[in-house]
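One file, input.txt, is given below (compact mmCIF, C-alpha atoms).
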```txt
# COMPACT_ATOMS: atom_id res chain seq x y z
CA MET U 1496 -67.30 -20.76 20.19
CA GLU U 1497 -64.73 -23.16 18.87
CA ALA U 1498 -62.96 -20.34 17.04
CA VAL U 1499 -62.81 -18.25 20.21
CA LEU U 1500 -61.34 -21.15 22.15
CA PHE U 1501 -58.86 -21.91 19.38
CA PHE U 1502 -57.59 -18.36 19.06
CA GLY U 1503 -57.43 -17.90 22.83
CA ALA U 1504 -55.40 -21.08 23.24
CA ALA U 1505 -53.26 -20.27 20.20
CA ILE U 1506 -52.41 -16.85 21.61
CA GLY U 1507 -51.61 -18.48 24.96
CA ALA U 1508 -49.38 -21.10 23.35
CA LEU U 1509 -47.54 -18.61 21.16
CA GLY U 1510 -47.22 -16.07 23.97
CA GLY U 1511 -45.86 -18.75 26.28
CA ALA U 1512 -43.36 -19.85 23.64
CA ILE U 1513 -42.16 -16.27 23.06
CA GLY U 1514 -41.96 -15.81 26.82
CA VAL U 1515 -39.69 -18.88 27.11
CA VAL U 1516 -37.33 -17.40 24.53
CA ALA U 1517 -37.45 -13.79 25.70
CA MET U 1518 -37.29 -14.02 29.50
CA ARG U 1519 -33.91 -13.23 31.05
CA ASN U 1520 -34.46 -15.30 34.17
CA PRO U 1521 -34.75 -19.10 33.57
CA PHE U 1522 -37.33 -19.32 36.33
CA TYR U 1523 -39.72 -17.07 34.38
CA SER U 1524 -38.97 -19.12 31.27
CA VAL U 1525 -40.19 -22.23 33.08
CA LEU U 1526 -43.36 -20.43 34.18
CA ALA U 1527 -43.98 -19.27 30.59
CA LEU U 1528 -43.56 -22.87 29.41
CA ILE U 1529 -46.27 -23.94 31.87
CA VAL U 1530 -48.67 -21.40 30.29
CA HIS U 1531 -47.70 -22.78 26.88
CA LEU U 1532 -48.36 -26.38 27.95
CA PHE U 1533 -51.80 -25.60 29.37
CA SER U 1534 -52.77 -23.78 26.18
CA LEU U 1535 -51.60 -26.76 24.15
CA ALA U 1536 -53.76 -29.04 26.31
CA VAL U 1537 -56.79 -26.90 25.36
CA LEU U 1538 -55.84 -27.26 21.70
CA PHE U 1539 -55.59 -31.04 22.11
CA LEU U 1540 -59.08 -31.06 23.65
CA LEU U 1541 -60.36 -29.09 20.64
CA LEU U 1542 -58.86 -31.80 18.44
CA THR U 1543 -60.89 -34.41 20.39
CA SER U 1544 -57.91 -36.08 21.98
CA ALA U 1545 -58.85 -36.08 25.64
CA PHE U 1546 -56.22 -38.56 26.78
CA VAL U 1547 -53.31 -36.69 25.18
CA ALA U 1548 -54.55 -33.47 26.78
CA ALA U 1549 -54.78 -35.12 30.19
CA ALA U 1550 -51.32 -36.65 29.81
CA GLN U 1551 -49.99 -33.26 28.76
CA VAL U 1552 -51.29 -31.62 31.93
CA VAL U 1553 -50.41 -34.43 34.33
CA VAL U 1554 -47.04 -35.51 32.92
CA TYR U 1555 -45.68 -32.27 31.50
CA ALA U 1556 -47.18 -29.42 33.47
CA GLY U 1557 -47.20 -31.59 36.57
CA ALA U 1558 -44.11 -33.77 36.75
CA VAL U 1559 -41.59 -32.46 34.24
CA MET U 1560 -42.09 -28.82 35.15
CA VAL U 1561 -41.66 -29.58 38.86
CA LEU U 1562 -38.31 -31.16 37.95
CA TYR U 1563 -37.36 -28.02 36.02
CA VAL U 1564 -38.34 -25.73 38.88
CA PHE U 1565 -36.25 -27.81 41.31
CA VAL U 1566 -33.18 -27.71 39.08
CA VAL U 1567 -33.54 -23.97 38.40
CA ALA U 1568 -33.85 -23.36 42.13
CA TYR U 1569 -30.79 -25.56 42.78
CA VAL U 1570 -28.55 -24.18 40.05
CA GLY U 1571 -29.79 -20.60 40.41
CA GLY U 1572 -30.82 -18.12 37.77
CA GLY U 1573 -27.46 -16.85 36.62
CA GLY U 1574 -27.38 -14.08 34.07
CA GLU U 1575 -26.14 -14.82 30.60
CA SER U 1576 -22.94 -13.22 29.44
CA ALA U 1577 -23.26 -10.33 27.06
CA TRP U 1578 -20.24 -11.68 25.22
CA GLU U 1579 -21.19 -12.60 21.69
CA PRO U 1580 -18.80 -15.08 20.09
CA ILE U 1581 -20.55 -15.17 16.73
CA PRO U 1582 -20.85 -11.65 15.33
CA GLY U 1583 -24.34 -10.72 14.23
CA GLN U 1584 -25.94 -13.77 15.86
CA ARG U 1585 -28.86 -11.76 17.24
CA PHE U 1586 -29.82 -10.64 13.75
CA LEU U 1587 -28.90 -13.76 11.85
CA ALA U 1588 -30.90 -16.12 14.08
CA PRO U 1589 -34.32 -14.46 13.54
CA ALA U 1590 -33.62 -14.21 9.80
CA LEU U 1591 -32.83 -17.92 9.64
CA ALA U 1592 -35.92 -18.69 11.70
CA LEU U 1593 -38.08 -16.64 9.33
CA ALA U 1594 -36.62 -18.64 6.45
CA LEU U 1595 -37.47 -21.86 8.32
CA PHE U 1596 -41.06 -20.72 8.86
CA ILE U 1597 -41.48 -19.76 5.21
CA GLU U 1598 -40.10 -23.11 4.17
CA LEU U 1599 -42.49 -24.97 6.49
CA SER U 1600 -45.42 -22.91 5.21
CA ILE U 1601 -44.53 -23.64 1.60
CA ALA U 1602 -44.28 -27.33 2.45
CA VAL U 1603 -47.74 -27.29 4.07
CA LEU U 1604 -49.44 -25.18 1.41
CA SER U 1605 -48.10 -27.04 -1.58
CA SER U 1606 -48.59 -30.50 -0.16
CA ALA U 1607 -51.22 -32.70 -1.67
CA LEU U 1608 -53.05 -33.24 1.61
CA LEU U 1609 -56.61 -33.27 0.33
CA ALA U 1610 -58.28 -32.90 3.68
CA LEU U 1611 -56.26 -29.81 4.67
CA GLY U 1612 -59.04 -27.38 3.85
CA THR U 1613 -61.60 -29.34 5.81
CA HIS U 1614 -62.64 -29.94 9.33
CA GLY U 1615 -61.63 -33.58 9.27
CA PRO U 1616 -64.16 -36.40 9.24
CA ASP U 1617 -66.85 -36.72 11.90
CA VAL U 1618 -65.58 -39.02 14.60
CA PRO U 1619 -67.49 -41.31 16.97
CA ALA U 1620 -68.08 -40.24 20.56
CA GLY U 1621 -65.24 -42.28 22.07
CA PHE U 1622 -62.54 -40.84 19.80
CA GLY U 1623 -59.32 -40.25 21.68
CA ASP U 1624 -60.62 -41.09 25.14
CA PRO U 1625 -58.46 -43.12 27.55
CA ALA U 1626 -60.21 -46.42 26.79
CA ALA U 1627 -59.61 -46.17 23.04
CA ILE U 1628 -56.00 -45.03 23.39
CA GLY U 1629 -55.28 -47.67 26.02
CA ARG U 1630 -56.70 -50.43 23.87
CA LEU U 1631 -54.63 -49.24 20.91
CA MET U 1632 -51.51 -49.02 23.04
CA LEU U 1633 -51.79 -52.42 24.66
CA GLU U 1634 -52.92 -54.29 21.57
CA LYS U 1635 -51.54 -52.79 18.41
CA PHE U 1636 -48.59 -50.86 19.84
CA LEU U 1637 -47.55 -53.16 22.67
CA ILE U 1638 -43.89 -53.40 21.65
CA PRO U 1639 -43.35 -49.64 21.22
CA PHE U 1640 -45.10 -49.17 24.58
CA GLU U 1641 -42.73 -51.59 26.32
CA ALA U 1642 -39.73 -50.13 24.50
CA SER U 1643 -40.62 -46.63 25.70
CA SER U 1644 -40.95 -47.90 29.26
CA ILE U 1645 -37.45 -49.42 29.04
CA LEU U 1646 -36.21 -46.12 27.62
CA LEU U 1647 -37.67 -44.23 30.59
CA LEU U 1648 -35.99 -46.64 32.99
CA LEU U 1649 -32.66 -46.17 31.21
CA ALA U 1650 -33.04 -42.39 31.35
CA ALA U 1651 -33.73 -42.51 35.08
CA VAL U 1652 -30.66 -44.71 35.70
CA GLY U 1653 -28.57 -42.45 33.46
CA ALA U 1654 -29.63 -39.34 35.34
CA ILE U 1655 -28.69 -40.95 38.64
CA VAL U 1656 -25.28 -41.94 37.25
CA LEU U 1657 -24.71 -38.45 35.84
CA ALA U 1658 -25.87 -36.34 38.73
CA GLY U 1659 -25.46 -38.62 41.74
CA ARG U 1660 -22.73 -38.11 44.33
CA LYS U 1661 -19.67 -40.33 44.18
CA ARG U 1662 -19.42 -42.77 47.04
CA GLU U 1663 -16.58 -42.59 49.54
CA GLY U 1664 -13.26 -43.97 48.35
CA GLU U 1665 -14.34 -44.12 44.73
CA ALA U 1666 -12.18 -42.51 42.09
CA ALA U 1667 -13.89 -39.53 40.52
CA MET D 873 -61.62 -24.98 12.91
CA ASN D 874 -59.86 -26.21 9.82
CA VAL D 875 -56.89 -28.45 10.34
CA GLU D 876 -54.51 -26.12 8.54
CA TRP D 877 -54.80 -23.54 11.32
CA TYR D 878 -53.33 -26.06 13.72
CA ILE D 879 -50.56 -26.93 11.30
CA VAL D 880 -49.62 -23.28 10.79
CA LEU D 881 -49.66 -22.72 14.57
CA SER D 882 -47.45 -25.76 14.97
CA ALA D 883 -44.99 -24.36 12.40
CA LEU D 884 -44.93 -21.03 14.27
CA LEU D 885 -44.25 -22.74 17.60
CA PHE D 886 -41.48 -24.83 16.05
CA THR D 887 -39.88 -21.70 14.64
CA THR D 888 -40.06 -19.98 18.01
CA GLY D 889 -38.28 -22.93 19.60
CA ALA D 890 -35.62 -22.84 16.88
CA VAL D 891 -35.04 -19.12 17.52
CA GLY D 892 -34.61 -19.86 21.20
CA ILE D 893 -32.02 -22.55 20.55
CA LEU D 894 -30.09 -20.23 18.23
CA VAL D 895 -30.22 -17.16 20.47
CA ARG D 896 -30.06 -18.32 24.08
CA ARG D 897 -26.90 -19.58 25.79
CA SER D 898 -28.10 -21.07 29.04
CA PRO D 899 -28.36 -24.86 28.66
CA MET D 900 -31.51 -24.87 30.74
CA VAL D 901 -33.31 -22.47 28.41
CA ILE D 902 -32.05 -24.46 25.43
CA LEU D 903 -33.68 -27.56 26.94
CA LEU D 904 -36.92 -25.59 27.38
CA CYS D 905 -36.78 -24.55 23.73
CA LEU D 906 -36.27 -28.19 22.72
CA GLU D 907 -39.49 -28.90 24.61
CA LEU D 908 -41.20 -26.20 22.57
CA MET D 909 -40.10 -27.84 19.33
CA LEU D 910 -41.18 -31.31 20.46
CA ASN D 911 -44.55 -29.92 21.52
CA ALA D 912 -45.00 -28.27 18.15
CA GLY D 913 -44.39 -31.68 16.56
CA ASN D 914 -46.94 -33.16 18.94
CA LEU D 915 -49.54 -30.60 17.93
CA ALA D 916 -48.99 -31.43 14.26
CA LEU D 917 -49.26 -35.17 14.99
CA VAL D 918 -52.54 -34.79 16.86
CA ALA D 919 -53.93 -32.43 14.22
CA PHE D 920 -53.12 -34.87 11.42
CA SER D 921 -54.58 -37.70 13.48
CA ARG D 922 -57.83 -35.71 13.72
CA MET D 923 -57.68 -34.96 10.02
CA VAL D 924 -57.37 -38.62 9.07
CA GLY D 925 -59.90 -39.67 11.72
CA ASN D 926 -57.51 -42.22 13.16
CA GLN D 927 -56.27 -42.47 16.73
CA GLN D 928 -52.83 -43.87 15.97
CA GLY D 929 -51.33 -40.40 15.68
CA GLN D 930 -52.29 -39.78 19.30
CA VAL D 931 -50.35 -42.85 20.42
CA PHE D 932 -47.42 -41.39 18.50
CA ALA D 933 -47.84 -38.11 20.36
CA ILE D 934 -47.71 -39.94 23.68
CA VAL D 935 -44.50 -41.71 22.65
CA VAL D 936 -43.04 -38.29 21.74
CA MET D 937 -43.97 -37.14 25.24
CA VAL D 938 -42.04 -40.09 26.69
CA ILE D 939 -39.00 -39.18 24.58
CA ALA D 940 -39.26 -35.58 25.77
CA ALA D 941 -39.37 -36.72 29.39
CA CYS D 942 -36.24 -38.87 28.87
CA GLU D 943 -34.43 -35.99 27.23
CA VAL D 944 -35.33 -33.67 30.09
CA VAL D 945 -34.16 -36.14 32.72
CA VAL D 946 -30.78 -36.73 31.07
CA GLY D 947 -30.32 -33.05 30.20
CA LEU D 948 -31.11 -31.85 33.71
CA GLY D 949 -28.80 -34.54 35.10
CA LEU D 950 -26.02 -33.15 32.91
CA ILE D 951 -26.76 -29.60 34.07
CA VAL D 952 -26.62 -30.66 37.72
CA ALA D 953 -23.32 -32.48 37.06
CA LEU D 954 -21.90 -29.36 35.37
CA PHE D 955 -22.99 -27.25 38.31
CA ARG D 956 -21.36 -29.66 40.79
CA ARG D 957 -18.02 -29.41 38.98
CA LYS D 958 -18.28 -25.62 39.03
CA LEU D 959 -18.25 -25.41 35.24
CA PRO D 960 -19.89 -22.37 33.65
CA LEU D 961 -23.52 -22.90 32.63
CA ASN D 962 -23.08 -21.27 29.26
CA VAL D 963 -22.91 -23.17 26.01
CA ASP D 964 -20.33 -20.79 24.57
CA ASP D 965 -17.91 -21.45 27.39
CA LEU D 966 -18.35 -25.22 27.19
CA ARG D 967 -16.31 -25.65 24.03
CA GLU D 968 -13.89 -28.44 24.87
CA LEU D 969 -15.40 -30.81 22.33
CA ARG D 970 -15.07 -28.27 19.58
CA GLY D 971 -12.65 -29.29 16.88
```
Could I get this file's structure written as structure tokens?
Amino acid sequence: MEAVLFFGAAIGALGGAIGVVAMRNPFYSVLALIVHLFSLAVLFLLLTSAFVAAAQVVVYAGAVMVLYVFVVAYVGGGGESAWEPIPGQRFLAPALALALFIELSIAVLSSALLALGTHGPDVPAGFGDPAAIGRLMLEKFLIPFEASSILLLLAAVGAIVLAGRKREGEAA
Amino acid sequence: MNVEWYIVLSALLFTTGAVGILVRRSPMVILLCLELMLNAGNLALVAFSRMVGNQQGQVFAIVVMVIAACEVVVGLGLIVALFRRKLPLNVDDLRELRG
């Protein structure tokens, strides 16, 4: 059962990722990314991290993707130019990516992670649920938590400065 | 499922995102591919957290999500600003900063 769920979600995640790269229209790319994010949430649930899965669905597939859809609808699809400034880019890029994947695989396989071949230890019932993560966040990781909230605020202000309209009489 | 399956899947997803960044020219799709790579990192973090039996990796994954949200907000703000100034939305045409 777990294997079926894993391979289903893995195929969904990989298919969504390939869809993001392969689709001509950015709107379809965004939709493919939503499929990818939901599949990843299933994988997170399989890894007994309920809170991360919920945050993935609510924050990513909910909020961030709505922002993407709005911007794509505002800016418009727009075809990409067929002009290729770097000769052979279409062939070189997959070759380099294959090299990257082989390198990552070698790094994983030859690492001395003893537990790699195993299932991981048995975990208690509350592992990864909102209460446990919240306690960890507000006790052990309070300063990173606050720092990330300040970072979010800065990003929001920065986006308003970047994309907002200039007021009347203000130099551009 | 063994943990290594998740790690290999994460490597595959990361590679797919890297291909997208190398091949595509629309800044919006490049941002989407950055999301793919960050999510692949997230999957590896959560898988290792399960492997060690420790929840701290999940807190890490949530912080990565926050970073991704910030990056999206600033990136989309830049795209909207480019669109307002009627600049081409193509990373090959936006080459003023190139040396």
Can you build me a table of segment 888-959 of chain D residues sitting at most 9 Å from segment 1591-1603 of chain U, with the closest atom pair per residue and its distance in Å to one decimal, using all atoms listed in the file, sorted by chain and residue number, as a Markdown table?
```
| residue | atom | partner | partner_atom | distance |
| --- | --- | --- | --- | --- |
| D:Thr888 | CA | U:Ala1592 | CA | 7.7 |
| D:Ala890 | CA | U:Ala1592 | CA | 6.6 |
| D:Val891 | CA | U:Ala1592 | CA | 5.9 |
| D:Leu894 | CA | U:Ala1592 | CA | 8.9 |
```
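Distance-wise, atom CA of Glu968 of chain D and atom CA of Leu954 of chain D end up 13.2 Å apart.
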Legend entry - From U:Leu1649, U:Val1516, U:Ala1627, U:Ile1529, residue lying nearest chain D [all atoms listed in the file]: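 Answer, going by the shortest atom-to-atom distance: U:Val1516.
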Inset, instruction - Would you list the residues near (-52.4, -23.3, 24.1), meaning any protein, DNA or RNA residue with an atom at most 7 Å from that point in file coordinates, counting all atoms listed in the file, as a list in words? - result: Ala1504, Ala1505, Ile1506, Gly1507, Ala1508, His1531, Leu1532, Phe1533, Ser1534, Leu1535, Ala1536, Val1537 and Leu1538 of chain U
Inset, instruction - Residues of chain D near chain U: apply a cut-off of 6 Å, count all atoms listed in the file, and supply the list as a ChimeraX atom specification. - result: /D:874-876,887,891-892,894,923,925,942,946,949,952-953
Save the residues we just selected, C-alpha atoms, as a PDB file, in the frame of the given file?
```pdb
ATOM      1  CA  ASN D 874     -59.860 -26.210   9.820  1.00  0.00           C
ATOM      2  CA  VAL D 875     -56.890 -28.450  10.340  1.00  0.00           C
ATOM      3  CA  GLU D 876     -54.510 -26.120   8.540  1.00  0.00           C
ATOM      4  CA  THR D 887     -39.880 -21.700  14.640  1.00  0.00           C
ATOM      5  CA  VAL D 891     -35.040 -19.120  17.520  1.00  0.00           C
ATOM      6  CA  GLY D 892     -34.610 -19.860  21.200  1.00  0.00           C
ATOM      7  CA  LEU D 894     -30.090 -20.230  18.230  1.00  0.00           C
ATOM      8  CA  MET D 923     -57.680 -34.960  10.020  1.00  0.00           C
ATOM      9  CA  GLY D 925     -59.900 -39.670  11.720  1.00  0.00           C
ATOM     10  CA  CYS D 942     -36.240 -38.870  28.870  1.00  0.00           C
ATOM     11  CA  VAL D 946     -30.780 -36.730  31.070  1.00  0.00           C
ATOM     12  CA  GLY D 949     -28.800 -34.540  35.100  1.00  0.00           C
ATOM     13  CA  VAL D 952     -26.620 -30.660  37.720  1.00  0.00           C
ATOM     14  CA  ALA D 953     -23.320 -32.480  37.060  1.00  0.00           C
TER      15      ALA D 953
END
```
